[in-house]
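Quick look at input.pdb (PDB, C-alpha atoms):
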ATOM      1  CA  MET A  21      -1.686  50.899 -13.812
ATOM      2  CA  THR A  22      -0.223  47.467 -14.261
ATOM      3  CA  ALA A  23      -1.435  44.914 -11.770
ATOM      4  CA  SER A  24       1.221  43.445  -9.521
ATOM      5  CA  PRO A  25       1.977  39.815 -10.296
ATOM      6  CA  ALA A  26       0.573  37.321  -7.825
ATOM      7  CA  ALA A  27       3.073  36.039  -5.321
ATOM      8  CA  SER A  28       4.355  32.545  -5.990
ATOM      9  CA  PRO A  29       3.353  29.874  -3.459
ATOM     10  CA  ALA A  30       5.918  29.247  -0.773
ATOM     11  CA  VAL A  31       7.944  26.053  -0.844
ATOM     12  CA  SER A  32       8.664  23.887   2.188
ATOM     13  CA  PRO A  33      12.369  23.534   3.024
ATOM     14  CA  TRP A  34      11.777  19.776   3.040
ATOM     15  CA  ARG A  35      10.781  19.697  -0.610
ATOM     16  CA  GLY A  36      13.452  17.881  -2.631
ATOM     17  CA  HIS A  37      15.244  16.677   0.496
ATOM     18  CA  ASP A  38      17.481  13.728  -0.358
ATOM     19  CA  LEU A  39      16.886  10.754   1.939
ATOM     20  CA  GLY A  40      19.802   8.833   0.506
ATOM     21  CA  THR A  41      20.306   5.387  -0.916
ATOM     22  CA  ARG A  42      19.887   2.097   0.849
ATOM     23  CA  THR A  43      20.397  -1.508  -0.172
ATOM     24  CA  VAL A  44      18.101  -3.999   1.522
ATOM     25  CA  ALA A  45      18.621  -7.753   1.364
ATOM     26  CA  TYR A  46      15.833 -10.302   1.612
ATOM     27  CA  THR A  47      15.358 -14.039   1.293
ATOM     28  CA  GLU A  48      12.688 -16.339  -0.098
ATOM     29  CA  ARG A  49      11.553 -16.815   3.489
ATOM     30  CA  ASP A  50      10.821 -13.086   3.808
ATOM     31  CA  ALA A  51       8.773 -13.057   0.613
ATOM     32  CA  ILE A  52       6.803 -16.116   1.766
ATOM     33  CA  LEU A  53       6.143 -14.647   5.204
ATOM     34  CA  TYR A  54       4.897 -11.494   3.512
ATOM     35  CA  ALA A  55       2.469 -13.428   1.315
ATOM     36  CA  LEU A  56       1.092 -15.251   4.356
ATOM     37  CA  ALA A  57       0.785 -11.982   6.305
ATOM     38  CA  VAL A  58      -1.369 -10.351   3.611
ATOM     39  CA  GLY A  59      -3.708 -13.285   3.155
ATOM     40  CA  ALA A  60      -2.157 -16.085   1.100
ATOM     41  CA  ARG A  61      -3.024 -19.638   2.124
ATOM     42  CA  ALA A  62      -0.820 -22.694   2.491
ATOM     43  CA  ASP A  63      -2.151 -24.127  -0.778
ATOM     44  CA  ASP A  64      -1.228 -21.009  -2.776
ATOM     45  CA  LEU A  65       1.979 -22.746  -3.737
ATOM     46  CA  ASP A  66       3.312 -20.104  -6.092
ATOM     47  CA  LEU A  67       3.174 -17.572  -3.253
ATOM     48  CA  VAL A  68       4.304 -19.694  -0.304
ATOM     49  CA  PHE A  69       6.462 -22.526  -1.723
ATOM     50  CA  GLU A  70      10.030 -21.712  -2.701
ATOM     51  CA  GLU A  71      10.011 -24.183  -5.607
ATOM     52  CA  ARG A  72       7.311 -22.167  -7.408
ATOM     53  CA  LEU A  73       7.664 -18.790  -5.744
ATOM     54  CA  ARG A  74       6.469 -15.592  -7.371
ATOM     55  CA  VAL A  75       7.024 -12.531  -5.197
ATOM     56  CA  LEU A  76       4.072 -10.210  -4.655
ATOM     57  CA  PRO A  77       5.007  -6.733  -5.990
ATOM     58  CA  THR A  78       3.612  -5.048  -2.863
ATOM     59  CA  PHE A  79       6.374  -6.770  -0.879
ATOM     60  CA  ALA A  80       8.594  -3.967  -2.206
ATOM     61  CA  LEU A  81       6.759  -1.534   0.058
ATOM     62  CA  THR A  82       8.028  -3.333   3.142
ATOM     63  CA  LEU A  83      11.581  -3.154   1.795
ATOM     64  CA  ALA A  84      11.210   0.597   1.210
ATOM     65  CA  GLN A  85       9.609   1.421   4.570
ATOM     66  CA  TRP A  86      12.938   2.850   5.748
ATOM     67  CA  ALA A  87      12.397   6.005   3.678
ATOM     68  CA  PRO A  88       9.275   7.490   5.329
ATOM     69  CA  ASP A  89      10.656   6.354   8.677
ATOM     70  CA  ALA A  90      13.904   8.200   7.960
ATOM     71  CA  LEU A  91      12.039  11.417   7.199
ATOM     72  CA  GLY A  92      10.178  11.192  10.499
ATOM     73  CA  ALA A  93      13.423  10.557  12.351
ATOM     74  CA  LEU A  94      14.833  13.790  10.879
ATOM     75  CA  GLY A  95      12.052  15.766  12.559
ATOM     76  CA  ALA A  96      10.062  16.746   9.489
ATOM     77  CA  PHE A  97       6.853  15.920  11.356
ATOM     78  CA  ASP A  98       5.616  14.559  14.667
ATOM     79  CA  THR A  99       5.736  10.781  14.318
ATOM     80  CA  ALA A 100       3.172  10.404  17.108
ATOM     81  CA  THR A 101       0.456  12.204  15.140
ATOM     82  CA  ALA A 102       1.393  11.815  11.461
ATOM     83  CA  VAL A 103      -0.584   9.206   9.530
ATOM     84  CA  HIS A 104      -0.131   7.383   6.256
ATOM     85  CA  GLY A 105      -2.629   9.128   3.986
ATOM     86  CA  SER A 106      -2.187   7.378   0.654
ATOM     87  CA  GLN A 107       0.105   5.130  -1.347
ATOM     88  CA  ARG A 108       1.108   4.732  -4.977
ATOM     89  CA  LEU A 109       3.144   1.966  -6.594
ATOM     90  CA  THR A 110       4.286   1.486 -10.180
ATOM     91  CA  VAL A 111       5.914  -1.858 -10.910
ATOM     92  CA  ARG A 112       8.752  -1.774 -13.441
ATOM     93  CA  ARG A 113       9.771  -5.405 -13.348
ATOM     94  CA  PRO A 114       9.195  -8.427 -11.103
ATOM     95  CA  LEU A 115      11.073  -8.760  -7.855
ATOM     96  CA  PRO A 116      13.500 -11.689  -7.760
ATOM     97  CA  ARG A 117      12.817 -14.472  -5.274
ATOM     98  CA  ALA A 118      15.689 -13.302  -3.099
ATOM     99  CA  GLY A 119      18.579 -10.893  -3.287
ATOM    100  CA  GLU A 120      19.407  -7.252  -2.679
ATOM    101  CA  LEU A 121      17.416  -4.217  -3.714
ATOM    102  CA  SER A 122      19.063  -0.809  -4.041
ATOM    103  CA  MET A 123      16.734   2.160  -3.561
ATOM    104  CA  THR A 124      17.002   5.940  -3.531
ATOM    105  CA  ALA A 125      14.525   8.184  -1.758
ATOM    106  CA  ARG A 126      13.616  11.845  -1.599
ATOM    107  CA  VAL A 127      10.831  14.179  -0.544
ATOM    108  CA  ALA A 128       9.176  14.748  -3.899
ATOM    109  CA  GLU A 129       6.678  17.351  -2.675
ATOM    110  CA  VAL A 130       5.218  18.987   0.422
ATOM    111  CA  TRP A 131       1.619  20.179   0.154
ATOM    112  CA  ASP A 132       0.114  22.829   2.436
ATOM    113  CA  LYS A 133      -3.312  21.789   3.731
ATOM    114  CA  GLY A 134      -3.605  24.715   6.131
ATOM    115  CA  GLY A 135      -3.650  22.970   9.495
ATOM    116  CA  ALA A 136      -1.493  20.119   8.183
ATOM    117  CA  ALA A 137       1.123  19.280   5.595
ATOM    118  CA  VAL A 138       1.290  16.294   3.281
ATOM    119  CA  PHE A 139       4.770  14.921   2.562
ATOM    120  CA  ASP A 140       5.173  12.879  -0.608
ATOM    121  CA  VAL A 141       8.105  10.512  -0.048
ATOM    122  CA  GLU A 142       9.260   8.918  -3.288
ATOM    123  CA  VAL A 143      11.325   5.721  -3.365
ATOM    124  CA  GLU A 144      12.780   4.488  -6.622
ATOM    125  CA  SER A 145      14.587   1.356  -7.777
ATOM    126  CA  ASP A 146      15.031  -0.594 -10.978
ATOM    127  CA  HIS A 147      11.988  -2.651  -9.956
ATOM    128  CA  PHE A 148       9.479  -0.054  -8.801
ATOM    129  CA  LEU A 149       8.553   3.533  -8.078
ATOM    130  CA  ALA A 150       6.597   4.074  -4.849
ATOM    131  CA  THR A 151       5.227   7.196  -3.172
ATOM    132  CA  TRP A 152       4.068   7.509   0.447
ATOM    133  CA  SER A 153       1.815  10.492   1.207
ATOM    134  CA  LEU A 154       2.128  11.303   4.913
ATOM    135  CA  PHE A 155      -0.466  13.565   6.525
ATOM    136  CA  ALA A 156       1.213  15.613   9.257
ATOM    137  CA  PRO A 157      -1.057  17.706  11.527
ATOM    138  CA  GLY A 158       0.431  21.053  12.478
ATOM    139  CA  GLY A 159       2.855  21.101   9.558
ATOM    140  CA  GLY A 160       0.869  23.338   7.217
ATOM    141  CA  GLY A 161       0.313  27.061   7.011
ATOM    142  CA  PHE A 162       3.584  27.886   5.266
ATOM    143  CA  GLY A 163       1.869  29.352   2.201
ATOM    144  CA  GLY A 164       2.416  26.470  -0.181
ATOM    145  CA  GLU A 165       0.109  24.892  -2.742
ATOM    146  CA  ARG A 166      -2.689  22.670  -1.424
ATOM    147  CA  GLY A 167      -2.018  19.948  -3.964
ATOM    148  CA  PRO A 168      -4.414  17.661  -5.806
ATOM    149  CA  GLY A 169      -7.727  16.615  -4.331
ATOM    150  CA  GLY A 170      -8.714  13.058  -3.613
ATOM    151  CA  PRO A 171     -10.212  10.744  -6.227
ATOM    152  CA  ARG A 172     -13.994  10.648  -6.485
ATOM    153  CA  ARG A 173     -16.130   7.542  -6.204
ATOM    154  CA  PRO A 174     -17.628   6.541  -9.566
ATOM    155  CA  GLU A 175     -21.223   7.683  -9.891
ATOM    156  CA  ARG A 176     -22.499   4.516 -11.544
ATOM    157  CA  ALA A 177     -23.408   1.344  -9.701
ATOM    158  CA  ALA A 178     -20.528  -0.988  -8.911
ATOM    159  CA  ASP A 179     -19.895  -3.786 -11.400
ATOM    160  CA  ARG A 180     -19.160  -6.320  -8.660
ATOM    161  CA  ARG A 181     -18.526  -6.696  -4.958
ATOM    162  CA  LEU A 182     -15.536  -8.319  -3.272
ATOM    163  CA  THR A 183     -15.030  -9.485   0.284
ATOM    164  CA  VAL A 184     -11.762  -9.609   2.196
ATOM    165  CA  ALA A 185     -11.506 -11.343   5.564
ATOM    166  CA  THR A 186      -8.684 -10.260   7.870
ATOM    167  CA  HIS A 187      -7.623 -12.389  10.846
ATOM    168  CA  PRO A 188      -6.933 -11.457  14.490
ATOM    169  CA  GLU A 189      -3.177 -12.124  14.302
ATOM    170  CA  GLN A 190      -2.598 -10.313  11.012
ATOM    171  CA  ALA A 191      -1.062  -7.107  12.401
ATOM    172  CA  ALA A 192       1.273  -9.119  14.634
ATOM    173  CA  HIS A 193       2.482 -11.067  11.612
ATOM    174  CA  TYR A 194       2.809  -8.109   9.265
ATOM    175  CA  ARG A 195       4.874  -5.988  11.660
ATOM    176  CA  LEU A 196       7.650  -8.601  11.574
ATOM    177  CA  LEU A 197       8.299  -7.545   7.978
ATOM    178  CA  GLY A 198       9.645  -4.128   8.959
ATOM    179  CA  ASP A 199       6.932  -1.741  10.147
ATOM    180  CA  ARG A 200       7.219  -2.213  13.905
ATOM    181  CA  HIS A 201       5.349   0.871  15.051
ATOM    182  CA  HIS A 202       4.005   0.019  18.498
ATOM    183  CA  MET A 203       0.436   1.117  17.767
ATOM    184  CA  HIS A 204      -0.055  -2.057  15.695
ATOM    185  CA  ILE A 205       0.689  -4.405  18.606
ATOM    186  CA  ASP A 206       0.590  -2.552  21.962
ATOM    187  CA  PRO A 207      -2.868  -1.545  23.268
ATOM    188  CA  GLY A 208      -1.371   1.347  25.227
ATOM    189  CA  ALA A 209       0.396   2.757  22.169
ATOM    190  CA  ALA A 210      -2.784   2.359  20.122
ATOM    191  CA  ARG A 211      -4.806   4.304  22.713
ATOM    192  CA  ALA A 212      -2.148   7.032  22.750
ATOM    193  CA  ALA A 213      -2.661   7.327  18.996
ATOM    194  CA  GLY A 214      -6.398   7.710  19.483
ATOM    195  CA  MET A 215      -7.378   4.152  18.621
ATOM    196  CA  PRO A 216      -9.348   1.788  20.858
ATOM    197  CA  ARG A 217      -6.988  -1.114  20.203
ATOM    198  CA  PRO A 218      -4.078  -2.105  17.904
ATOM    199  CA  PHE A 219      -4.993  -1.751  14.246
ATOM    200  CA  LEU A 220      -3.852  -3.223  10.971
ATOM    201  CA  HIS A 221      -1.180  -1.541   8.865
ATOM    202  CA  GLY A 222      -2.721   0.311   5.941
ATOM    203  CA  LEU A 223      -0.296  -1.320   3.522
ATOM    204  CA  CYS A 224      -1.312  -4.746   4.785
ATOM    205  CA  THR A 225      -4.988  -3.948   4.203
ATOM    206  CA  LEU A 226      -4.226  -2.615   0.733
ATOM    207  CA  ALA A 227      -2.152  -5.637  -0.258
ATOM    208  CA  ALA A 228      -4.870  -7.956   1.031
ATOM    209  CA  VAL A 229      -7.409  -6.266  -1.251
ATOM    210  CA  THR A 230      -5.235  -6.801  -4.328
ATOM    211  CA  LEU A 231      -5.566 -10.571  -3.967
ATOM    212  CA  PRO A 232      -9.314 -10.856  -4.644
ATOM    213  CA  ALA A 233      -9.020  -8.027  -7.181
ATOM    214  CA  ALA A 234      -6.647 -10.193  -9.204
ATOM    215  CA  GLY A 235      -8.989 -13.150  -8.859
ATOM    216  CA  VAL A 236     -12.044 -11.425 -10.343
ATOM    217  CA  LEU A 237      -9.976 -10.235 -13.296
ATOM    218  CA  GLY A 238      -8.554 -13.682 -13.978
ATOM    219  CA  SER A 239      -5.098 -12.278 -13.259
ATOM    220  CA  HIS A 240      -2.343 -13.418 -10.954
ATOM    221  CA  PRO A 241      -1.609 -11.099  -7.977
ATOM    222  CA  ALA A 242       2.103 -11.198  -8.821
ATOM    223  CA  ASP A 243       1.251  -9.571 -12.175
ATOM    224  CA  LEU A 244       0.298  -6.286 -10.479
ATOM    225  CA  THR A 245       1.627  -3.296 -12.439
ATOM    226  CA  GLU A 246      -0.051  -0.275 -10.821
ATOM    227  CA  LEU A 247      -1.614   0.420  -7.447
ATOM    228  CA  GLU A 248      -2.869   3.481  -5.623
ATOM    229  CA  ALA A 249      -5.212   4.120  -2.717
ATOM    230  CA  ARG A 250      -6.151   6.522   0.036
ATOM    231  CA  PHE A 251      -6.464   5.284   3.619
ATOM    232  CA  SER A 252      -9.774   6.564   4.956
ATOM    233  CA  ALA A 253     -10.109   4.808   8.324
ATOM    234  CA  PRO A 254      -8.325   2.119  10.346
ATOM    235  CA  VAL A 255      -8.992  -1.586   9.942
ATOM    236  CA  PHE A 256      -8.793  -3.771  13.029
ATOM    237  CA  PRO A 257      -7.468  -7.337  12.840
ATOM    238  CA  GLY A 258     -10.409  -9.648  12.316
ATOM    239  CA  ASP A 259     -12.520  -7.099  10.415
ATOM    240  CA  ARG A 260     -14.290  -8.302   7.297
ATOM    241  CA  LEU A 261     -14.122  -5.827   4.414
ATOM    242  CA  THR A 262     -16.586  -5.305   1.602
ATOM    243  CA  ALA A 263     -15.305  -3.635  -1.562
ATOM    244  CA  ASP A 264     -17.395  -2.203  -4.383
ATOM    245  CA  ALA A 265     -15.500  -2.598  -7.653
ATOM    246  CA  TRP A 266     -15.776  -0.947 -11.050
ATOM    247  CA  ASP A 267     -14.123  -2.231 -14.208
ATOM    248  CA  ASP A 268     -11.386   0.167 -15.304
ATOM    249  CA  GLY A 269     -10.151  -0.989 -18.693
ATOM    250  CA  PRO A 270      -8.104  -4.098 -19.476
ATOM    251  CA  GLY A 271      -6.678  -5.608 -16.304
ATOM    252  CA  GLY A 272      -7.901  -2.755 -14.130
ATOM    253  CA  LEU A 273     -10.336  -2.115 -11.295
ATOM    254  CA  ARG A 274     -11.363   0.826  -9.171
ATOM    255  CA  LEU A 275     -12.456  -0.024  -5.642
ATOM    256  CA  GLU A 276     -13.937   1.477  -2.487
ATOM    257  CA  ALA A 277     -13.597  -0.751   0.592
ATOM    258  CA  SER A 278     -15.631  -0.562   3.810
ATOM    259  CA  ALA A 279     -15.833  -2.276   7.190
ATOM    260  CA  TYR A 280     -18.988  -2.105   9.320
ATOM    261  CA  GLY A 281     -20.399   0.443   6.893
ATOM    262  CA  ARG A 282     -17.508   2.922   7.156
ATOM    263  CA  PRO A 283     -15.058   3.540   4.281
ATOM    264  CA  VAL A 284     -11.532   2.294   5.004
ATOM    265  CA  LEU A 285      -9.912   2.471   1.551
ATOM    266  CA  SER A 286     -10.971   4.990  -1.092
ATOM    267  CA  GLY A 287      -9.826   5.828  -4.584
ATOM    268  CA  VAL A 288      -8.255   2.403  -5.024
ATOM    269  CA  ARG A 289      -6.946   1.671  -8.505
ATOM    270  CA  VAL A 290      -5.289  -1.619  -9.394
ATOM    271  CA  ARG A 291      -4.002  -2.867 -12.708
ATOM    272  CA  PHE A 292      -2.525  -6.223 -13.665
ATOM    273  CA  ALA A 293      -0.541  -7.280 -16.708
ATOM    274  CA  ALA A 294      -1.821 -10.150 -18.807
ATOM    275  CA  ALA A 295      -0.181 -13.460 -17.908
ATOM    276  CA  PRO A 296       2.168 -14.886 -20.555
ATOM    277  CA  PRO A 297       0.323 -17.511 -22.620
ATOM    278  CA  SER A 298       2.796 -20.223 -21.650
ATOM    279  CA  GLU A 299       2.384 -19.517 -17.949
ATOM    280  CA  GLY A 300      -1.370 -19.667 -17.527
ATOM    281  CA  LEU A 301      -3.236 -19.126 -14.287
ATOM    282  CA  SER A 302      -3.470 -22.645 -12.930
ATOM    283  CA  ASP A 303      -1.582 -21.680  -9.773
ATOM    284  CA  ALA A 304      -3.512 -18.457  -9.107
ATOM    285  CA  PRO A 305      -4.561 -18.312  -5.437
ATOM    286  CA  ARG A 306      -7.994 -19.867  -5.192
ATOM    287  CA  GLN A 307      -9.247 -18.101  -2.099
ATOM    288  CA  HIS A 308      -8.983 -14.731  -3.784
ATOM    289  CA  LYS A 309     -12.108 -15.284  -5.863
ATOM    290  CA  GLU A 310     -14.617 -14.788  -3.049
ATOM    291  CA  THR A 311     -16.897 -12.354  -4.873
ATOM    292  CA  HIS A 312     -20.392 -11.812  -6.067
ATOM    293  CA  GLY A 313     -22.082  -9.427  -8.466
ATOM    294  CA  ALA A 314     -23.107  -6.005  -7.240
TER
END

Using structure tokens, write down the structure from this file.
Amino acid sequence: MTASPAASPAVSPWRGHDLGTRTVAYTERDAILYALAVGARADDLDLVFEERLRVLPTFALTLAQWAPDALGALGAFDTATAVHGSQRLTVRRPLPRAGELSMTARVAEVWDKGGAAVFDVEVESDHFLATWSLFAPGGGGFGGERGPGGPRRPERAADRRLTVATHPEQAAHYRLLGDRHHMHIDPGAARAAGMPRPFLHGLCTLAAVTLPAAGVLGSHPADLTELEARFSAPVFPGDRLTADAWDDGPGGLRLEASAYGRPVLSGVRVRFAAAPPSEGLSDAPRQHKETHGA
């Protein structure tokens, strides 16, 4: 007898869903406020002074926040319980100091984790490709593929250790850039989400880590070309992070960040392009070199 072929995995009806196109305008002021919100200092002139401004590539993620929010508004998952599981960003070209950015978005994939689903929301523009992975409890069990597993921590000892200091007002500042979910500012909303107090946006934490990562590589944070990470636990404003770092080829690092001994960012990969010879690194943010050997 001929064995019956195995049934193909089911596909979520949300897979491939078109979230439309949106054009978002921003000014130099927005880009400067973003840099300050993720950890730049007043003397980082090329990040906070319009005469020398270079826009941090992760600023694009605030401009594209409308896409995962739009999917939640459509009822794909419960916005009160869904969490931002991981983030990827590929930079295609630098963001201008100010202007308009046209983006298209879609649900690239929906993974079935059994008791939950993971929605991959992909946002694309001429300047970047970004993917939000949203973990939605109660959305699984439809018979789909489980999807890829998480990245593993390198087995060898870390090559270096970085520190990142957050500040008590950081979540309040960052939310003004677009992500105004109440759990980041209102104690009652944070408790309803299962947190003891308002917590920092995962994308703010991730962007903050890229600054010292650039410093140890002798790169400029605006030269970021690739970024990915998984959010393991919340960070609270004022927490001090410690990140083990492993060299990952030219311009690259892998990192695992912790606060109070608990992992908060895992599977972090960052890569920076080499600065043009004529540009140099004289204006690279100085505070982002607070590191010591492992």

To verify the selection step, state as a PyMOL selection string which residues the PyMOL selection byres ((chain A and resi 188) around 10) yields on this input.
chain A and resi 186-187+189-193+219-220+256-259

Nearby residues, (-13.9, -11.2, -14.9) file frame, 12 Å, all atoms listed in the file, as a compact mmCIF listing (two decimals) with C-alpha atoms, in the coordinates of the input:
# COMPACT_ATOMS: atom_id res chain seq x y z
CA ASP A 179 -19.90 -3.79 -11.40
CA ARG A 180 -19.16 -6.32 -8.66
CA ARG A 181 -18.53 -6.70 -4.96
CA PRO A 232 -9.31 -10.86 -4.64
CA ALA A 233 -9.02 -8.03 -7.18
CA ALA A 234 -6.65 -10.19 -9.20
CA GLY A 235 -8.99 -13.15 -8.86
CA VAL A 236 -12.04 -11.42 -10.34
CA LEU A 237 -9.98 -10.24 -13.30
CA GLY A 238 -8.55 -13.68 -13.98
CA SER A 239 -5.10 -12.28 -13.26
CA ALA A 265 -15.50 -2.60 -7.65
CA TRP A 266 -15.78 -0.95 -11.05
CA ASP A 267 -14.12 -2.23 -14.21
CA ASP A 268 -11.39 0.17 -15.30
CA GLY A 269 -10.15 -0.99 -18.69
CA PRO A 270 -8.10 -4.10 -19.48
CA GLY A 271 -6.68 -5.61 -16.30
CA GLY A 272 -7.90 -2.76 -14.13
CA LEU A 273 -10.34 -2.12 -11.30
CA LYS A 309 -12.11 -15.28 -5.86
CA THR A 311 -16.90 -12.35 -4.87
CA HIS A 312 -20.39 -11.81 -6.07
CA GLY A 313 -22.08 -9.43 -8.47

Could you check which of A:Ala253, A:Val138, A:Val290, A:Val229 is closest to A:Val184, using all atoms listed in the file?
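Of the candidates, the smallest distance to A:Val184 is held by A:Val229.
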
Could you spell out the hits of the PyMOL selection byres ((chain A and resi 31-39) around 10) on the shown file, as a ChimeraX atom specification?
/A:28-30,40-42,86-88,90-91,94,96,124-132,137,139-143,159-160,162-165

Requested write-out: C-alpha atoms of the selected residues, as a PDB file, keeping the file's coordinate frame:
ATOM      1  CA  SER A  28       4.355  32.545  -5.990  1.00  0.00           C
ATOM      2  CA  PRO A  29       3.353  29.874  -3.459  1.00  0.00           C
ATOM      3  CA  ALA A  30       5.918  29.247  -0.773  1.00  0.00           C
ATOM      4  CA  GLY A  40      19.802   8.833   0.506  1.00  0.00           C
ATOM      5  CA  THR A  41      20.306   5.387  -0.916  1.00  0.00           C
ATOM      6  CA  ARG A  42      19.887   2.097   0.849  1.00  0.00           C
ATOM      7  CA  TRP A  86      12.938   2.850   5.748  1.00  0.00           C
ATOM      8  CA  ALA A  87      12.397   6.005   3.678  1.00  0.00           C
ATOM      9  CA  PRO A  88       9.275   7.490   5.329  1.00  0.00           C
ATOM     10  CA  ALA A  90      13.904   8.200   7.960  1.00  0.00           C
ATOM     11  CA  LEU A  91      12.039  11.417   7.199  1.00  0.00           C
ATOM     12  CA  LEU A  94      14.833  13.790  10.879  1.00  0.00           C
ATOM     13  CA  ALA A  96      10.062  16.746   9.489  1.00  0.00           C
ATOM     14  CA  THR A 124      17.002   5.940  -3.531  1.00  0.00           C
ATOM     15  CA  ALA A 125      14.525   8.184  -1.758  1.00  0.00           C
ATOM     16  CA  ARG A 126      13.616  11.845  -1.599  1.00  0.00           C
ATOM     17  CA  VAL A 127      10.831  14.179  -0.544  1.00  0.00           C
ATOM     18  CA  ALA A 128       9.176  14.748  -3.899  1.00  0.00           C
ATOM     19  CA  GLU A 129       6.678  17.351  -2.675  1.00  0.00           C
ATOM     20  CA  VAL A 130       5.218  18.987   0.422  1.00  0.00           C
ATOM     21  CA  TRP A 131       1.619  20.179   0.154  1.00  0.00           C
ATOM     22  CA  ASP A 132       0.114  22.829   2.436  1.00  0.00           C
ATOM     23  CA  ALA A 137       1.123  19.280   5.595  1.00  0.00           C
ATOM     24  CA  PHE A 139       4.770  14.921   2.562  1.00  0.00           C
ATOM     25  CA  ASP A 140       5.173  12.879  -0.608  1.00  0.00           C
ATOM     26  CA  VAL A 141       8.105  10.512  -0.048  1.00  0.00           C
ATOM     27  CA  GLU A 142       9.260   8.918  -3.288  1.00  0.00           C
ATOM     28  CA  VAL A 143      11.325   5.721  -3.365  1.00  0.00           C
ATOM     29  CA  GLY A 159       2.855  21.101   9.558  1.00  0.00           C
ATOM     30  CA  GLY A 160       0.869  23.338   7.217  1.00  0.00           C
ATOM     31  CA  PHE A 162       3.584  27.886   5.266  1.00  0.00           C
ATOM     32  CA  GLY A 163       1.869  29.352   2.201  1.00  0.00           C
ATOM     33  CA  GLY A 164       2.416  26.470  -0.181  1.00  0.00           C
ATOM     34  CA  GLU A 165       0.109  24.892  -2.742  1.00  0.00           C
TER      35      GLU A 165
END

Need the shell around A:Leu67: protein/DNA/RNA residues with any atom at most 12 Å away, counting all atoms listed in the file. Skip same-chain ones fewer than 2 positions apart. Format as number ranges by chain?
A: 48-65, 69-77, 79, 117, 231, 240-242, 303-306

Which neighbours of stretch 276-283 of chain A fall inside 8 Å, counting all atoms listed in the file, when residues of the same chain fewer than 2 positions from it are skipped, and could you give them as a PyMOL selection string?
chain A and resi 173+252-253+255+259-265+274+285-288

Once you add 3 Å to each side, what are the centre and edge lengths of the axis-aligned box holding all listed atoms of stretch 268-278 of chain A? One decimal in Å, as lines of an AutoDock Vina configuration file, if you can.
center_x = -11.2
center_y = -2.1
center_z = -7.8
size_x = 15.0
size_y = 13.1
size_z = 29.3

Check what the PyMOL selection byres ((chain A and resi 214) around 12) selects in the file above and give those residues as a list in words.
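On the file shown, the PyMOL selection byres ((chain A and resi 214) around 12) covers Ala100, Thr101, Ala102, Val103, Met203, Pro207, Gly208, Ala209, Ala210, Arg211, Ala212, Ala213, Met215, Pro216, Arg217, Pro218, Phe219 and Pro254 of chain A.
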
Go through A:Val111, A:Leu223, A:Ala178, A:Leu121 one by one, measure the shortest atom-to-atom distance of each to A:Arg291 using only C-alpha atoms, and give the residue with the smallest value.
A:Val111

Tell me, in Å to one decimal, how far atom CA of A:Leu81 is from atom CA of A:Arg289.
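A separation of 16.5 Å between them.
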
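Of the residues under consideration (A:Thr78, A:Ser122, A:Thr47, A:Gln85), A:Ser122 shows the shortest atom-to-atom contact distance to A:Ser145 when counting all atoms listed in the file.
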